[in-house]
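*Asks:* Take a look at protein13.csv, CSV, C-alpha atoms and all ligand atoms:
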```csv
chain,number,residue,atom,x,y,z
P,139,MET,CA,154.9,-153.3,-166.8
P,140,GLY,CA,151.4,-153.9,-165.4
P,141,VAL,CA,148.8,-152.6,-167.8
P,142,VAL,CA,145.2,-152.9,-166.7
P,143,ALA,CA,142.3,-151.6,-168.8
P,144,LEU,CA,139.3,-150.1,-167.0
P,145,VAL,CA,136.1,-150.2,-169.0
P,146,PRO,CA,133.2,-148.0,-167.9
P,147,ALA,CA,130.1,-149.8,-169.3
P,148,ALA,CA,127.5,-149.0,-166.7
P,149,GLY,CA,125.5,-146.4,-168.8
P,150,ARG,CA,121.8,-147.0,-169.6
P,151,GLY,CA,122.3,-146.1,-173.2
P,152,GLU,CA,119.1,-144.1,-173.4
P,153,ARG,CA,120.2,-142.0,-176.4
P,154,LEU,CA,120.6,-145.2,-178.4
P,155,GLY,CA,117.0,-146.2,-177.6
P,156,TYR,CA,117.6,-149.9,-177.8
P,157,GLY,CA,115.8,-150.8,-174.5
P,158,MET,CA,119.0,-152.4,-173.0
P,159,PRO,CA,122.3,-151.1,-171.6
P,160,LYS,CA,124.4,-149.8,-174.5
P,161,ALA,CA,127.3,-152.1,-173.7
P,162,LEU,CA,125.1,-155.1,-174.4
P,163,VAL,CA,123.7,-153.9,-177.7
P,164,PRO,CA,124.9,-156.2,-180.5
P,165,VAL,CA,126.6,-155.2,-183.7
P,166,ASP,CA,126.4,-158.1,-186.1
P,167,GLY,CA,125.5,-160.4,-183.2
P,168,VAL,CA,128.4,-159.4,-180.9
P,169,PRO,CA,127.8,-156.9,-178.0
P,170,LEU,CA,129.6,-153.6,-178.2
P,171,LEU,CA,131.3,-154.3,-174.9
P,172,VAL,CA,132.6,-157.7,-176.1
P,173,ARG,CA,134.1,-156.1,-179.2
P,174,ALA,CA,135.7,-153.4,-177.1
P,175,VAL,CA,137.2,-156.0,-174.6
P,176,ARG,CA,138.5,-158.2,-177.5
P,177,GLY,CA,140.2,-155.1,-179.0
P,178,LEU,CA,142.0,-154.4,-175.8
P,179,PHE,CA,143.3,-157.9,-175.4
P,180,GLN,CA,144.3,-158.1,-179.1
P,181,ALA,CA,146.8,-155.2,-178.4
P,182,GLY,CA,148.9,-157.8,-176.5
P,183,CYS,CA,150.0,-155.5,-173.7
P,184,VAL,CA,146.7,-155.8,-171.7
P,185,ARG,CA,146.2,-158.9,-169.5
P,186,HIS,CA,143.5,-157.7,-167.2
P,187,VAL,CA,140.3,-155.8,-168.0
P,188,VAL,CA,138.1,-154.4,-165.2
P,189,ILE,CA,134.6,-153.7,-166.3
P,190,ALA,CA,132.1,-151.4,-164.5
P,191,ALA,CA,128.7,-152.9,-165.5
P,192,PRO,CA,125.2,-151.8,-164.9
P,193,PRO,CA,124.5,-153.1,-161.3
P,194,SER,CA,121.7,-155.4,-162.5
P,195,ASP,CA,123.8,-156.9,-165.3
P,196,VAL,CA,127.0,-157.9,-163.6
P,197,ASP,CA,126.4,-161.6,-164.1
P,198,ILE,CA,125.5,-161.4,-167.8
P,199,VAL,CA,128.4,-159.1,-168.5
P,200,ASN,CA,130.7,-161.6,-166.8
P,201,THR,CA,129.3,-164.4,-168.9
P,202,VAL,CA,129.7,-162.7,-172.2
P,203,THR,CA,133.1,-161.1,-171.7
P,204,ALA,CA,135.0,-163.8,-169.7
P,205,PRO,CA,135.8,-166.0,-172.8
P,206,SER,CA,137.7,-163.1,-174.4
P,207,ALA,CA,140.5,-163.2,-171.7
P,208,PRO,CA,143.9,-164.6,-172.9
P,209,ALA,CA,145.8,-167.3,-171.0
P,210,GLY,CA,147.2,-165.8,-167.8
P,211,GLY,CA,144.7,-162.9,-168.0
P,212,ALA,CA,141.2,-162.3,-166.8
P,213,VAL,CA,138.1,-160.1,-167.0
P,214,HIS,CA,136.9,-158.7,-163.7
P,215,VAL,CA,133.3,-157.3,-163.5
P,216,LEU,CA,131.9,-155.1,-160.8
P,217,ALA,CA,128.9,-152.9,-160.4
P,218,GLY,CA,129.4,-149.4,-161.8
P,219,GLY,CA,128.4,-146.1,-160.2
P,220,ALA,CA,125.8,-143.3,-160.8
P,221,GLU,CA,128.1,-141.3,-163.2
P,222,ARG,CA,130.8,-142.4,-165.6
P,223,SER,CA,133.5,-141.0,-163.3
P,224,ASP,CA,132.1,-143.0,-160.4
P,225,SER,CA,132.3,-146.2,-162.5
P,226,VAL,CA,135.9,-145.4,-163.5
P,227,ARG,CA,136.9,-144.7,-159.9
P,228,LEU,CA,135.4,-148.0,-158.6
P,229,ALA,CA,137.2,-149.9,-161.4
P,230,LEU,CA,140.5,-148.1,-160.6
P,231,GLU,CA,140.2,-148.8,-156.9
P,232,TYR,CA,139.5,-152.4,-157.6
P,233,ALA,CA,142.6,-152.7,-159.9
P,234,LEU,CA,144.9,-151.1,-157.3
P,235,ARG,CA,143.5,-153.3,-154.6
P,236,GLU,CA,143.2,-156.7,-156.3
P,237,LEU,CA,145.8,-156.6,-159.1
P,238,PRO,CA,149.2,-156.0,-157.6
P,239,GLY,CA,151.7,-154.5,-159.9
P,240,THR,CA,149.2,-152.2,-161.7
P,241,THR,CA,151.3,-149.3,-162.8
P,242,ILE,CA,149.6,-148.2,-166.1
P,243,VAL,CA,145.9,-147.9,-166.5
P,244,LEU,CA,143.8,-147.4,-169.6
P,245,VAL,CA,140.3,-146.1,-169.4
P,246,HIS,CA,138.3,-147.2,-172.4
P,247,ASP,CA,134.7,-146.6,-173.3
P,248,ALA,CA,132.6,-149.8,-174.0
P,249,ALA,CA,131.0,-147.6,-176.6
P,250,ARG,CA,134.1,-147.6,-178.8
P,251,PRO,CA,134.1,-151.2,-180.0
P,252,PHE,CA,136.3,-150.8,-183.1
P,253,THR,CA,139.3,-149.1,-181.6
P,254,PRO,CA,142.3,-150.6,-183.4
P,255,PRO,CA,144.9,-152.4,-181.2
P,256,SER,CA,147.5,-150.0,-182.7
P,257,VAL,CA,145.9,-147.1,-180.9
P,258,VAL,CA,145.9,-149.0,-177.6
P,259,ASN,CA,149.6,-149.8,-178.1
P,260,ALA,CA,150.5,-146.2,-179.0
P,261,VAL,CA,148.9,-144.9,-175.8
P,262,VAL,CA,150.5,-147.5,-173.6
P,263,ASP,CA,154.0,-146.9,-175.2
P,264,ALA,CA,153.7,-143.2,-174.6
P,265,VAL,CA,152.8,-143.7,-170.9
P,266,ALA,CA,155.6,-146.3,-170.5
P,267,ALA,CA,158.0,-143.7,-172.0
P,268,GLY,CA,157.2,-141.4,-169.1
P,269,HIS,CA,154.1,-139.3,-170.0
P,270,PRO,CA,151.7,-139.5,-166.9
P,271,ALA,CA,148.6,-139.0,-169.1
P,272,VAL,CA,148.1,-139.7,-172.8
P,273,ILE,CA,145.0,-139.4,-175.0
P,274,PRO,CA,144.4,-140.4,-178.6
P,275,VAL,CA,143.1,-137.5,-180.7
P,276,LEU,CA,141.9,-136.6,-184.2
P,277,PRO,CA,141.9,-133.2,-186.0
P,278,VAL,CA,138.6,-131.4,-186.2
P,279,ALA,CA,136.8,-131.4,-189.6
P,280,ASP,CA,134.1,-128.9,-188.7
P,281,THR,CA,134.5,-125.3,-187.6
P,282,ILE,CA,133.5,-125.2,-183.9
P,283,LYS,CA,131.7,-122.2,-182.3
P,284,GLU,CA,131.4,-121.3,-178.6
P,285,VAL,CA,127.9,-120.1,-177.8
P,286,ASP,CA,126.2,-118.5,-174.8
P,287,ALA,CA,123.0,-119.7,-173.0
P,288,ALA,CA,120.9,-118.0,-175.7
P,289,GLY,CA,122.8,-119.8,-178.5
P,290,THR,CA,124.5,-116.6,-179.7
P,291,VAL,CA,128.1,-117.2,-180.9
P,292,VAL,CA,130.6,-115.7,-178.6
P,293,ALA,CA,133.9,-117.1,-180.0
P,294,THR,CA,135.3,-119.1,-182.9
P,295,PRO,CA,138.4,-121.0,-181.7
P,296,ASP,CA,141.1,-121.6,-184.3
P,297,ARG,CA,140.2,-125.0,-185.7
P,298,ALA,CA,143.9,-125.9,-186.1
P,299,THR,CA,144.4,-125.9,-182.4
P,300,LEU,CA,141.3,-128.2,-181.6
P,301,ARG,CA,141.2,-132.0,-181.4
P,302,VAL,CA,138.5,-134.6,-181.0
P,303,VAL,CA,139.3,-136.8,-178.0
P,304,GLN,CA,138.9,-140.6,-178.0
P,305,THR,CA,139.7,-143.5,-175.7
P,306,PRO,CA,141.6,-145.5,-174.5
P,307,GLN,CA,143.2,-142.7,-172.4
P,308,GLY,CA,146.3,-143.9,-170.6
P,309,PHE,CA,147.6,-142.9,-167.2
P,310,ASP,CA,150.2,-143.5,-164.5
P,311,ALA,CA,147.8,-145.4,-162.2
P,312,ARG,CA,148.7,-143.3,-159.1
P,313,VAL,CA,148.1,-140.0,-161.0
P,314,LEU,CA,144.7,-141.1,-162.1
P,315,LEU,CA,143.8,-142.1,-158.5
P,316,ARG,CA,145.0,-138.7,-157.3
P,317,ALA,CA,142.8,-137.0,-159.9
P,318,HIS,CA,139.7,-139.0,-158.9
P,319,GLU,CA,140.3,-138.3,-155.2
P,320,ALA,CA,140.6,-134.6,-155.7
P,321,GLY,CA,136.8,-134.2,-156.1
P,322,LEU,CA,137.1,-132.4,-159.4
P,323,HIS,CA,134.7,-132.6,-162.4
P,324,ALA,CA,135.4,-133.1,-166.1
P,325,THR,CA,133.8,-135.0,-169.0
P,326,ASP,CA,136.8,-137.3,-169.4
P,327,ASP,CA,139.6,-138.7,-167.2
P,328,ALA,CA,142.2,-136.6,-168.9
P,329,GLY,CA,140.2,-133.5,-168.0
P,330,LEU,CA,140.4,-134.5,-164.3
P,331,VAL,CA,144.2,-135.0,-164.6
P,332,GLU,CA,144.6,-131.7,-166.4
P,333,ARG,CA,142.9,-129.9,-163.6
P,334,LEU,CA,145.6,-131.3,-161.2
P,335,GLY,CA,148.1,-129.4,-163.4
P,336,VAL,CA,149.5,-132.6,-164.9
P,337,ARG,CA,150.6,-132.4,-168.6
P,338,VAL,CA,148.4,-134.5,-170.9
P,339,ALA,CA,150.2,-135.7,-174.1
P,340,THR,CA,148.5,-136.8,-177.3
P,341,VAL,CA,149.0,-139.6,-179.9
P,342,PRO,CA,147.1,-140.0,-183.2
P,343,GLY,CA,143.7,-141.6,-182.8
P,344,HIS,CA,141.7,-143.4,-185.5
P,345,GLN,CA,138.4,-142.9,-187.2
P,346,ASN,CA,137.3,-146.5,-186.2
P,347,ALA,CA,137.6,-145.5,-182.5
P,348,MET,CA,134.3,-143.5,-182.9
P,349,LYS,CA,131.9,-143.5,-180.0
P,350,ILE,CA,128.5,-145.1,-180.5
P,351,THR,CA,125.9,-142.9,-179.0
P,352,THR,CA,123.0,-142.6,-181.4
P,353,PRO,CA,121.1,-145.0,-183.7
P,354,PHE,CA,123.0,-143.2,-186.6
P,355,ASP,CA,126.3,-144.2,-185.0
P,356,LEU,CA,125.1,-147.8,-184.8
P,357,ALA,CA,124.2,-147.8,-188.4
P,358,VAL,CA,127.6,-146.5,-189.3
P,359,ALA,CA,129.2,-149.3,-187.2
P,360,GLU,CA,127.1,-152.0,-189.0
P,361,ALA,CA,128.1,-150.5,-192.4
P,362,LEU,CA,131.8,-150.5,-191.4
P,363,LEU,CA,131.6,-154.2,-190.5
P,364,ALA,CA,129.6,-155.1,-193.6
P,365,GLY,CA,132.2,-153.3,-195.8
P,366,GLY,CA,135.1,-155.1,-194.0
P,367,LYS,CA,136.4,-151.7,-192.7
P,368,ALA,CA,136.3,-152.7,-189.0
P,401,LIG,O1,127.0,-141.8,-171.8
P,401,LIG,P1,128.3,-141.8,-172.5
P,401,LIG,O2,128.2,-142.4,-173.9
P,401,LIG,O3,129.1,-140.6,-172.5
P,401,LIG,O4,129.1,-142.9,-171.7
P,401,LIG,C1,130.4,-143.2,-171.9
P,401,LIG,C2,130.8,-144.5,-171.3
P,401,LIG,O5,130.7,-144.4,-169.9
P,401,LIG,C3,129.9,-145.7,-171.8
P,401,LIG,O6,130.7,-146.8,-172.1
P,401,LIG,C4,129.0,-145.9,-170.5
P,401,LIG,O7,128.5,-147.2,-170.4
P,401,LIG,C5,129.9,-145.5,-169.4
P,401,LIG,N1,129.1,-145.1,-168.1
P,401,LIG,C6,129.4,-145.8,-166.9
P,401,LIG,N2,128.7,-145.4,-165.8
P,401,LIG,C7,127.7,-144.5,-165.8
P,401,LIG,C8,127.5,-143.8,-167.0
P,401,LIG,C9,128.2,-144.1,-168.2
P,401,LIG,O8,130.2,-146.7,-166.9
P,401,LIG,N3,127.1,-144.2,-164.7
```
Could you spell out this file's structure in structure tokens?

*Replies:*
Amino acid sequence: MGVVALVPAAGRGERLGYGMPKALVPVDGVPLLVRAVRGLFQAGCVRHVVIAAPPSDVDIVNTVTAPSAPAGGAVHVLAGGAERSDSVRLALEYALRELPGTTIVLVHDAARPFTPPSVVNAVVDAVAAGHPAVIPVLPVADTIKEVDAAGTVVATPDRATLRVVQTPQGFDARVLLRAHEAGLHATDDAGLVERLGVRVATVPGHQNAMKITTPFDLAVAEALLAGGKA
């Protein structure tokens, strides 16, 4: 079973306002991306990680992440694209070209540095069991409203049927390639696969797999670490 993790990390991180790419922002001295890569390797089933880095930071990303690779594995760093989906596609094409035997791919945001290895393994196990696409999800705590362009509520979906989606998202590598080649648009990779008509399965996610987007999220991450909860 060849599991390769693809990590889109080429975002500028403007909402975080740190003056550097989000992937390189440190939490307790360790960059978010390094924490994310370590978590993937700790799961034990991932031997190769392909990172799409900001084009101007390929060398520094290589330097900070390479030591995390286990014996027999490696970190591969390439320049990411203009949009997240471009970065994922470039990393996927690299994996299929340079890492023979890649059958299962994980797509994992650099911005989710505390994802527990148990979530990584649950996703991989479900793909290995025959699901072509698997995502970790959590129940929704808030009521969600659908609004129109003017901000007027047009619908209230039943909260019990809604889920928050996290990463890593796991795929049969060929299915994910087909989804990226189809020229569709979605805010996550499972959304692309879904538009192909492929069934997407879910496994339980974890609160620690939260995405760090704003300064508030970063403060929560620091507090989790300080309290020994991550
Ligand atoms: O911007 P957002 O937080 O949704 O980005 C999610 C992930 O996608 C981040 O890890 C970010 O670095 C990555 N990304 C990328 N290439 C881009 C834009 C975002 O790899 N062009």

*Asks:* Determine, for each residue of chain P having at least one atom at most 9 Å from an atom of ligand LIG 401 (chain P), the closest pair of atoms and their separation in Å to one decimal, counting all atoms listed in the file; order by chain and ascending number, as a Markdown table.

*Replies:*
```
| residue | atom | partner | partner_atom | distance |
| --- | --- | --- | --- | --- |
| P:Val145 | CA | P:LIG401 | O6 | 7.1 |
| P:Pro146 | CA | P:LIG401 | O8 | 3.4 |
| P:Ala147 | CA | P:LIG401 | O7 | 3.2 |
| P:Ala148 | CA | P:LIG401 | O8 | 3.6 |
| P:Gly149 | CA | P:LIG401 | O7 | 3.5 |
| P:Arg150 | CA | P:LIG401 | O7 | 6.8 |
| P:Gly151 | CA | P:LIG401 | O1 | 6.5 |
| P:Glu152 | CA | P:LIG401 | O1 | 8.4 |
| P:Arg153 | CA | P:LIG401 | O1 | 8.2 |
| P:Pro159 | CA | P:LIG401 | O7 | 7.4 |
| P:Lys160 | CA | P:LIG401 | O7 | 6.4 |
| P:Ala161 | CA | P:LIG401 | O7 | 6.0 |
| P:Leu171 | CA | P:LIG401 | O6 | 8.0 |
| P:Ile189 | CA | P:LIG401 | O8 | 8.3 |
| P:Ala190 | CA | P:LIG401 | O8 | 5.6 |
| P:Ala191 | CA | P:LIG401 | O8 | 6.5 |
| P:Pro192 | CA | P:LIG401 | N2 | 7.3 |
| P:Gly218 | CA | P:LIG401 | N2 | 5.7 |
| P:Gly219 | CA | P:LIG401 | N3 | 5.1 |
| P:Ala220 | CA | P:LIG401 | N3 | 4.2 |
| P:Glu221 | CA | P:LIG401 | N3 | 3.4 |
| P:Arg222 | CA | P:LIG401 | N2 | 3.7 |
| P:Ser223 | CA | P:LIG401 | N2 | 7.0 |
| P:Asp224 | CA | P:LIG401 | N3 | 6.7 |
| P:Ser225 | CA | P:LIG401 | O8 | 4.9 |
| P:Val226 | CA | P:LIG401 | O8 | 6.8 |
| P:His246 | CA | P:LIG401 | O6 | 7.6 |
| P:Asp247 | CA | P:LIG401 | O6 | 4.2 |
| P:Ala248 | CA | P:LIG401 | O6 | 4.0 |
| P:Ala249 | CA | P:LIG401 | O6 | 4.6 |
| P:Arg250 | CA | P:LIG401 | O6 | 7.6 |
| P:Thr325 | CA | P:LIG401 | O3 | 8.1 |
| P:Asp326 | CA | P:LIG401 | O3 | 8.9 |
| P:Lys349 | CA | P:LIG401 | O2 | 7.2 |
| P:Ile350 | CA | P:LIG401 | O2 | 7.1 |
| P:Thr351 | CA | P:LIG401 | O2 | 5.6 |
```

*Asks:* For P:Val302, find every residue with an atom within 9 Å (counting only C-alpha atoms), except residues of its own chain fewer than 2 positions away, and show them as a ChimeraX atom specification.

*Replies:* /P:274-278,300,304,343

*Asks:* Please compute the atom CA of P:Val336-atom CA of P:Cys183 distance, one decimal, in Å.

*Replies:*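 Result for atom CA of P:Val336 versus atom CA of P:Cys183: 24.5 Å, one decimal.
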
*Asks:* Could you give me, as a short mmCIF file (atom, residue, chain, number, x, y, z; two decimals) with C-alpha atoms, keeping the file's coordinate frame, the residues that have an atom at most 10 Å away from the point (134.9, -162.5, -167.8) in the coordinates of the file, using all atoms listed in the file?

*Replies:*
```
data_model
loop_
_atom_site.label_atom_id
_atom_site.label_comp_id
_atom_site.auth_asym_id
_atom_site.auth_seq_id
_atom_site.Cartn_x
_atom_site.Cartn_y
_atom_site.Cartn_z
CA VAL P 172 132.60 -157.70 -176.10
CA VAL P 175 137.20 -156.00 -174.60
CA HIS P 186 143.50 -157.70 -167.20
CA VAL P 187 140.30 -155.80 -168.00
CA VAL P 188 138.10 -154.40 -165.20
CA ILE P 189 134.60 -153.70 -166.30
CA ASP P 197 126.40 -161.60 -164.10
CA ILE P 198 125.50 -161.40 -167.80
CA VAL P 199 128.40 -159.10 -168.50
CA ASN P 200 130.70 -161.60 -166.80
CA THR P 201 129.30 -164.40 -168.90
CA VAL P 202 129.70 -162.70 -172.20
CA THR P 203 133.10 -161.10 -171.70
CA ALA P 204 135.00 -163.80 -169.70
CA PRO P 205 135.80 -166.00 -172.80
CA SER P 206 137.70 -163.10 -174.40
CA ALA P 207 140.50 -163.20 -171.70
CA GLY P 211 144.70 -162.90 -168.00
CA ALA P 212 141.20 -162.30 -166.80
CA VAL P 213 138.10 -160.10 -167.00
CA HIS P 214 136.90 -158.70 -163.70
CA VAL P 215 133.30 -157.30 -163.50
#
```

*Asks:* Taking 3 positions as the minimum chain separation for residues in the same chain, which residues sit within 9 Å of stretch 310-312 of chain P when counting all atoms listed in the file? Answer as a ChimeraX atom specification.

*Replies:* /P:230,234,240-244,265-266,268-271,315-317

*Asks:* Just checking: using all atoms listed in the file, which residue out of P:Thr340, P:Thr290, P:Asn346, P:Gln180 ends up closest to P:Ala361?

*Replies:*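 Nearest candidate to P:Ala361 out of P:Thr340, P:Thr290, P:Asn346, P:Gln180: P:Asn346.
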
*Asks:* Could you give me, as number ranges by chain, the residues within 12 Å of P:Ala357, counting only C-alpha atoms and dropping anything in the same chain fewer than 5 positions from it?

*Replies:* P: 154, 164-166, 350-352, 362-364

*Asks:* Since we have the selection now, will you write its residues out, keeping C-alpha atoms, as a CSV table (one decimal), in the frame of the given file?

*Replies:*
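Output contents, as saved in out_28.csv:
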```csv
chain,number,residue,atom,x,y,z
P,154,LEU,CA,120.6,-145.2,-178.4
P,164,PRO,CA,124.9,-156.2,-180.5
P,165,VAL,CA,126.6,-155.2,-183.7
P,166,ASP,CA,126.4,-158.1,-186.1
P,350,ILE,CA,128.5,-145.1,-180.5
P,351,THR,CA,125.9,-142.9,-179.0
P,352,THR,CA,123.0,-142.6,-181.4
P,362,LEU,CA,131.8,-150.5,-191.4
P,363,LEU,CA,131.6,-154.2,-190.5
P,364,ALA,CA,129.6,-155.1,-193.6
```

*Asks:* Using all atoms listed in the file, which of the listed residues (P:Glu236, P:Glu319, P:Asp280, P:Glu360) sits closest to P:Arg301?

*Replies:*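 Selected residue with least distance to P:Arg301: P:Asp280.
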
*Asks:* Pick from P:Leu314, P:Leu356, P:Ala347, P:Ile273: nearest to P:Leu334, with all atoms listed in the file counted?

*Replies:*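 Among the listed residues, P:Leu314 lies closest to P:Leu334.
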
*Asks:* Can you work out which one of P:Val163, P:Val196, P:Val257, P:Leu228 has the shortest atom-to-atom distance to P:Thr305, counting all atoms listed in the file?

*Replies:* P:Val257
